[in-house]
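Report on the following structure.
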Amino acid sequence: MLASLRAAMFGLVCLASLAAGLTPSAAADYPTRPVKWLIGFTAGGPVDTVARIMAQWLSEHFGQQFVVENRAGSGGNIAAAAAINSAPDGYTLLFVAPNNAISTSLYKKLPYDFIRDTAPVASIMQLTNMMVVPMALPVKTVQEFIDYCKANPGKVSYASSGNGTSVHMSAELFKALTKVEMTHVPYRGSSAAMPDLISNKVQVLFDNLPSALEQVRGGNLRALGVTSPQRWPSVPDVPTVAETVPGFESVGFYGISGPKGMPPEIIEVLNKAVGVALKDPKLVARLADVGGIPKPMTPAEFGRLVADETEKWRKVVEFAGVSVD
């Protein structure tokens with residue numbers, strides 16, 4: 001009797017697995033071929049750097065290549081659309097960042113609904129942005145920058161890594177809270193903006209910490225503040241923008257999602273692997289080198305984070321009155 005019950009239960013599990021497009025062993029064997037990981041920004045930028053650190057670890061862990069593929073443009077929406085329209089088999093993933101939460105309200109004609117059409121997989125880390133200016137700009141503090149903007153209306157431009165990125169919206173939030181005038185100059189990634197920023201063709205960038213800090217340490221740019229509500233652990237001597245502009249806050253999140261319908265068994269495999277990675281001292285040290293703080297979460301927790309961030313940035317977009325359509 002017990003043997004018959006077990007056999008029946010196993011049969012139901014097999015049927016459920018087949019209904020989801022899996023054999024019972026498929027998740028255990030995953031991945032059996034290279035996994036494509038789509039990144040919405042150019043190579044060399046902070047998002048790309050973190051993705052490649054994690055991709056290397058996952059490749060070594062699984063014995064299959066996790067291949068980072070850069071599909072820059074439209075504030076990361078090109079990569080998101082490609083991932084959403086791919087087969088939900090776990091072999092095409094998307095690197096998720098604040099731009100995905102921002103785009104929902106910033107772009108009025110997106111061909112997808114990010115929350116509806118994606119499956120949250122894992123959270124990787126949190127990261128602050130850093131407000132940086134050229135060394136040639138005669139300002140050394142956030143207040144001096146505000147004063148400079150007000151004394152030079154129409155003459156200050158801010159760079160971004162693309163429409164809808166946290167880099168873009170951090171500047172828009174700054175504009176809204178300080179009432180300064182700045183012209184937006186979007187680039188295809190923050191690395192593409194650096195030459196013009198260093199040469200003072202554009203005057204400020206609220207860049208993700210890794211690439212901004214590299215230029216600051218190299219003596220090419222001056223750091224005015226970080227965008228987190230408290231000072232960031234890796235740069236404790238840099239004040240927060242909020243110390244001068246109360247209410248200013250922009251903290252980025254990085255993670256992994258896949259297309260809707262991705263098998264939960266594979267999501268669990270990937271989530272557990274990322275959790276193991278974020279306990280690896282060598283990987284944690286590499287994330288710390290680029291200013292990141294590991295933030296492991298369950299898929300459900302990561303999904304709630306994306307939803308919460310989407311609502312938060314909707315309010316900022318409406319407050320700032322910006323749109324790119």
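Here's how to read the names in the structure tokens: chain A, B, ... by the order shown, residue numbers from 1 in each chain, ligand numbers from 1 in the order shown.
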Please, which residues in stretch 122-200 of chain A fall within 10 Å of stretch 61-74 of chain A when counting only C-alpha atoms, and what is the closest atom pair and distance in Å to one decimal for each, ordered by chain then residue number, as JSON lines?
{"residue": "A:Ser161", "atom": "CA", "partner": "A:Gly73", "partner_atom": "CA", "distance": 9.4}
{"residue": "A:Gly162", "atom": "CA", "partner": "A:Ser74", "partner_atom": "CA", "distance": 6.7}
{"residue": "A:Asn163", "atom": "CA", "partner": "A:Ser74", "partner_atom": "CA", "distance": 6.4}
{"residue": "A:Gly164", "atom": "CA", "partner": "A:Ser74", "partner_atom": "CA", "distance": 7.9}
{"residue": "A:Thr165", "atom": "CA", "partner": "A:Ser74", "partner_atom": "CA", "distance": 9.4}
{"residue": "A:Tyr187", "atom": "CA", "partner": "A:Gly73", "partner_atom": "CA", "distance": 8.9}
{"residue": "A:Arg188", "atom": "CA", "partner": "A:Gly73", "partner_atom": "CA", "distance": 6.2}
{"residue": "A:Gly189", "atom": "CA", "partner": "A:Ala72", "partner_atom": "CA", "distance": 7.6}
Suppose we keep N, CA and C atoms; can you now write the selection as a compact mmCIF listing (two decimals), in the first residue's frame?
# COMPACT_ATOMS: atom_id res chain seq x y z
N SER A 161 24.51 57.67 -17.47
CA SER A 161 24.82 56.44 -18.19
C SER A 161 23.65 56.00 -19.05
N GLY A 162 22.68 56.89 -19.25
CA GLY A 162 21.53 56.59 -20.10
C GLY A 162 20.23 56.99 -19.44
N ASN A 163 19.22 57.24 -20.24
CA ASN A 163 17.91 57.59 -19.71
C ASN A 163 17.36 56.46 -18.83
N GLY A 164 16.85 56.82 -17.68
CA GLY A 164 16.21 55.84 -16.83
C GLY A 164 17.12 55.12 -15.87
N THR A 165 18.41 55.43 -15.88
CA THR A 165 19.33 54.80 -14.95
C THR A 165 19.29 55.52 -13.61
N TYR A 187 24.70 59.27 -22.03
CA TYR A 187 25.71 58.50 -22.75
C TYR A 187 25.32 57.03 -22.71
N ARG A 188 26.00 56.24 -23.51
CA ARG A 188 25.76 54.79 -23.52
C ARG A 188 26.65 54.13 -22.47
N GLY A 189 26.37 54.44 -21.21
CA GLY A 189 27.18 53.92 -20.11
C GLY A 189 28.06 54.99 -19.51
If you run DSSP on this backbone, which residues of stretch 109-308 of chain A come out as strand (DSSP E or B), and could you give them as a PDB file with C-alpha atoms, in the first residue's frame?
ATOM      1  CA  THR A 118       9.915  38.725 -15.236  1.00  0.00           C
ATOM      2  CA  ALA A 119      10.714  36.113 -12.626  1.00  0.00           C
ATOM      3  CA  PRO A 120      12.899  37.320  -9.730  1.00  0.00           C
ATOM      4  CA  VAL A 121      15.836  35.007  -9.117  1.00  0.00           C
ATOM      5  CA  ALA A 122      18.355  36.476  -6.674  1.00  0.00           C
ATOM      6  CA  SER A 123      19.656  39.672  -5.117  1.00  0.00           C
ATOM      7  CA  ILE A 124      23.407  40.250  -5.320  1.00  0.00           C
ATOM      8  CA  MET A 125      24.353  43.515  -3.628  1.00  0.00           C
ATOM      9  CA  GLN A 126      23.592  47.136  -2.863  1.00  0.00           C
ATOM     10  CA  LEU A 127      25.657  50.052  -4.081  1.00  0.00           C
ATOM     11  CA  THR A 128      25.656  53.792  -3.645  1.00  0.00           C
ATOM     12  CA  ASN A 129      26.256  56.413  -6.310  1.00  0.00           C
ATOM     13  CA  MET A 130      28.886  59.115  -5.942  1.00  0.00           C
ATOM     14  CA  MET A 131      28.526  62.739  -7.017  1.00  0.00           C
ATOM     15  CA  VAL A 132      31.710  63.637  -8.896  1.00  0.00           C
ATOM     16  CA  VAL A 133      32.868  66.749 -10.743  1.00  0.00           C
ATOM     17  CA  PRO A 134      35.902  67.664 -12.883  1.00  0.00           C
ATOM     18  CA  SER A 157      25.304  69.986 -17.733  1.00  0.00           C
ATOM     19  CA  TYR A 158      25.099  66.635 -16.041  1.00  0.00           C
ATOM     20  CA  ALA A 159      26.107  63.358 -17.652  1.00  0.00           C
ATOM     21  CA  SER A 160      24.322  60.047 -17.175  1.00  0.00           C
ATOM     22  CA  THR A 183      21.019  70.070 -18.784  1.00  0.00           C
ATOM     23  CA  HIS A 184      20.934  66.305 -19.209  1.00  0.00           C
ATOM     24  CA  VAL A 185      23.533  64.711 -21.516  1.00  0.00           C
ATOM     25  CA  PRO A 186      22.950  60.927 -21.710  1.00  0.00           C
ATOM     26  CA  VAL A 204      28.746  66.536 -12.864  1.00  0.00           C
ATOM     27  CA  LEU A 205      27.933  62.834 -12.778  1.00  0.00           C
ATOM     28  CA  PHE A 206      26.102  60.863 -10.085  1.00  0.00           C
ATOM     29  CA  ASP A 207      27.909  57.686 -11.034  1.00  0.00           C
ATOM     30  CA  ASN A 208      27.803  54.210  -9.523  1.00  0.00           C
ATOM     31  CA  LEU A 221      37.657  63.751 -10.628  1.00  0.00           C
ATOM     32  CA  ARG A 222      36.635  65.239  -7.286  1.00  0.00           C
ATOM     33  CA  ALA A 223      34.111  63.495  -5.034  1.00  0.00           C
ATOM     34  CA  LEU A 224      31.499  65.779  -3.486  1.00  0.00           C
ATOM     35  CA  GLY A 225      29.238  63.223  -1.836  1.00  0.00           C
ATOM     36  CA  VAL A 226      27.635  59.788  -1.839  1.00  0.00           C
ATOM     37  CA  THR A 240      26.513  62.203   1.980  1.00  0.00           C
ATOM     38  CA  VAL A 251      20.907  53.473  -3.259  1.00  0.00           C
ATOM     39  CA  GLY A 252      21.223  50.977  -6.086  1.00  0.00           C
ATOM     40  CA  PHE A 253      20.408  47.275  -6.030  1.00  0.00           C
ATOM     41  CA  TYR A 254      21.855  44.591  -8.283  1.00  0.00           C
ATOM     42  CA  GLY A 255      20.348  41.179  -8.912  1.00  0.00           C
ATOM     43  CA  ILE A 256      19.184  38.542 -11.366  1.00  0.00           C
ATOM     44  CA  SER A 257      15.826  37.932 -13.025  1.00  0.00           C
ATOM     45  CA  GLY A 258      14.624  35.747 -15.860  1.00  0.00           C
ATOM     46  CA  PRO A 259      11.607  35.723 -18.165  1.00  0.00           C
ATOM     47  CA  ILE A 293      27.624  45.369   0.132  1.00  0.00           C
ATOM     48  CA  PRO A 294      26.325  41.777  -0.372  1.00  0.00           C
TER      49      PRO A 294
END
- [ ] Among the residues of stretch 68-205 of chain A, find those DSSP assigns to alpha helix (DSSP H) from the backbone and print them as a VMD selection string.
- [x] chain A and resid 77 to 84 98 to 106 114 to 117 142 to 151 166 to 178 190 to 198
- [ ] Name all residues at most 12 Å from A:Glu243 (count only C-alpha atoms; drop same-chain ones fewer than 2 positions away) and give them as a PyMOL selection string.
- [x] chain A and resi 141-143+224-231+238-241+245-249
- [ ] Do a neighbour search on stretch 28-32 of chain A at 9 Å with only C-alpha atoms, toss out local chain neighbours closer than 3 positions, and write the hits as a PyMOL selection string.
- [x] chain A and resi 24-25+35+62-64+90-91+265-266+269
I need the chosen residues saved as an mmCIF file, in the first residue's frame, with C-alpha atoms.
data_model
loop_
_atom_site.group_PDB
_atom_site.id
_atom_site.type_symbol
_atom_site.label_atom_id
_atom_site.label_comp_id
_atom_site.auth_asym_id
_atom_site.auth_seq_id
_atom_site.Cartn_x
_atom_site.Cartn_y
_atom_site.Cartn_z
ATOM 1 C CA PRO A 24 12.637 15.445 -12.745
ATOM 2 C CA SER A 25 16.433 15.610 -13.096
ATOM 3 C CA VAL A 35 24.036 30.538 -19.808
ATOM 4 C CA PHE A 62 28.606 25.144 -12.171
ATOM 5 C CA GLY A 63 31.291 24.107 -14.642
ATOM 6 C CA GLN A 64 29.403 25.900 -17.408
ATOM 7 C CA GLY A 90 17.001 29.397 -17.358
ATOM 8 C CA TYR A 91 19.551 29.862 -20.137
ATOM 9 C CA GLU A 265 13.342 24.537 -9.635
ATOM 10 C CA ILE A 266 15.986 26.355 -11.702
ATOM 11 C CA VAL A 269 19.242 26.336 -7.980
#
Open item on the list: List as a ChimeraX atom specification the protein and nucleic acid residues near stretch 175-177 of chain A, meaning an atom at most 8 Å away when only C-alpha atoms are counted, but skip any in the same chain fewer than 2 places from it.
Closed with: /A:171-173,179-182,245,248,319-320
Given the selection you just returned, output its residues as a file containing C-alpha atoms, formatted as a PDB file, in the first residue's frame.
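selection31.pdb, written as the output of this step:
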ATOM      1  CA  ALA A 171      20.630  63.995 -10.839  1.00  0.00           C
ATOM      2  CA  GLU A 172      16.945  64.674 -11.463  1.00  0.00           C
ATOM      3  CA  LEU A 173      16.197  64.205  -7.785  1.00  0.00           C
ATOM      4  CA  LYS A 179      15.945  73.942  -7.689  1.00  0.00           C
ATOM      5  CA  VAL A 180      19.177  74.236  -9.717  1.00  0.00           C
ATOM      6  CA  GLU A 181      19.257  74.273 -13.524  1.00  0.00           C
ATOM      7  CA  MET A 182      21.213  71.503 -15.267  1.00  0.00           C
ATOM      8  CA  VAL A 245      20.311  68.358   0.727  1.00  0.00           C
ATOM      9  CA  PHE A 248      18.201  63.105  -0.927  1.00  0.00           C
ATOM     10  CA  PHE A 319       8.071  64.749  -8.487  1.00  0.00           C
ATOM     11  CA  ALA A 320      10.817  65.639 -10.965  1.00  0.00           C
TER      12      ALA A 320
END
Task: Option closest in space to A:Asn99, from A:Ile53, A:Met169, A:Ala151, A:Ile84 [counting only C-alpha atoms] - done: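 Checking each candidate against A:Asn99, we get A:Met169 as the closest.
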TODO: Skip A:Thr104 itself and residues of its chain fewer than 4 positions away, then list as a list in words all residues within 8 Å of it, counting only C-alpha atoms.
DONE: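 Neighbouring residues, sequence-local ones excluded: Asn100, Lys108, Leu110, Asp113, Phe114, Thr310 and Arg314 of chain A.
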Produce a table with one row for each residue of stretch 180-274 of chain A that has an atom at most 10 Å from any atom of stretch 279-290 of chain A, each row naming the nearest atom pair and its distance in Å at one decimal; use only C-alpha atoms; arrange rows by chain and rising residue number; format as JSON lines.
{"residue": "A:Asn208", "atom": "CA", "partner": "A:Val290", "partner_atom": "CA", "distance": 9.4}
{"residue": "A:Leu209", "atom": "CA", "partner": "A:Val290", "partner_atom": "CA", "distance": 7.0}
{"residue": "A:Pro210", "atom": "CA", "partner": "A:Val290", "partner_atom": "CA", "distance": 4.5}
{"residue": "A:Ser211", "atom": "CA", "partner": "A:Val290", "partner_atom": "CA", "distance": 8.0}
{"residue": "A:Ala212", "atom": "CA", "partner": "A:Val290", "partner_atom": "CA", "distance": 9.8}
{"residue": "A:Leu213", "atom": "CA", "partner": "A:Val290", "partner_atom": "CA", "distance": 8.2}
{"residue": "A:Glu214", "atom": "CA", "partner": "A:Val290", "partner_atom": "CA", "distance": 8.8}
{"residue": "A:Pro233", "atom": "CA", "partner": "A:Ala288", "partner_atom": "CA", "distance": 9.3}
{"residue": "A:Ser234", "atom": "CA", "partner": "A:Ala288", "partner_atom": "CA", "distance": 7.4}
{"residue": "A:Val274", "atom": "CA", "partner": "A:Lys279", "partner_atom": "CA", "distance": 8.8}
File of the preceding selection, C-alpha atoms, as a PDB file, in the first residue's frame:
ATOM      1  CA  ASN A 208      27.803  54.210  -9.523  1.00  0.00           C
ATOM      2  CA  LEU A 209      30.579  54.043  -6.945  1.00  0.00           C
ATOM      3  CA  PRO A 210      33.040  51.641  -8.679  1.00  0.00           C
ATOM      4  CA  SER A 211      33.875  53.708 -11.758  1.00  0.00           C
ATOM      5  CA  ALA A 212      33.536  57.048  -9.971  1.00  0.00           C
ATOM      6  CA  LEU A 213      35.882  55.981  -7.198  1.00  0.00           C
ATOM      7  CA  GLU A 214      38.455  54.753  -9.700  1.00  0.00           C
ATOM      8  CA  PRO A 233      31.581  51.990   4.567  1.00  0.00           C
ATOM      9  CA  SER A 234      34.239  51.895   1.833  1.00  0.00           C
ATOM     10  CA  VAL A 274      24.258  33.121  -5.447  1.00  0.00           C
TER      11      VAL A 274
END
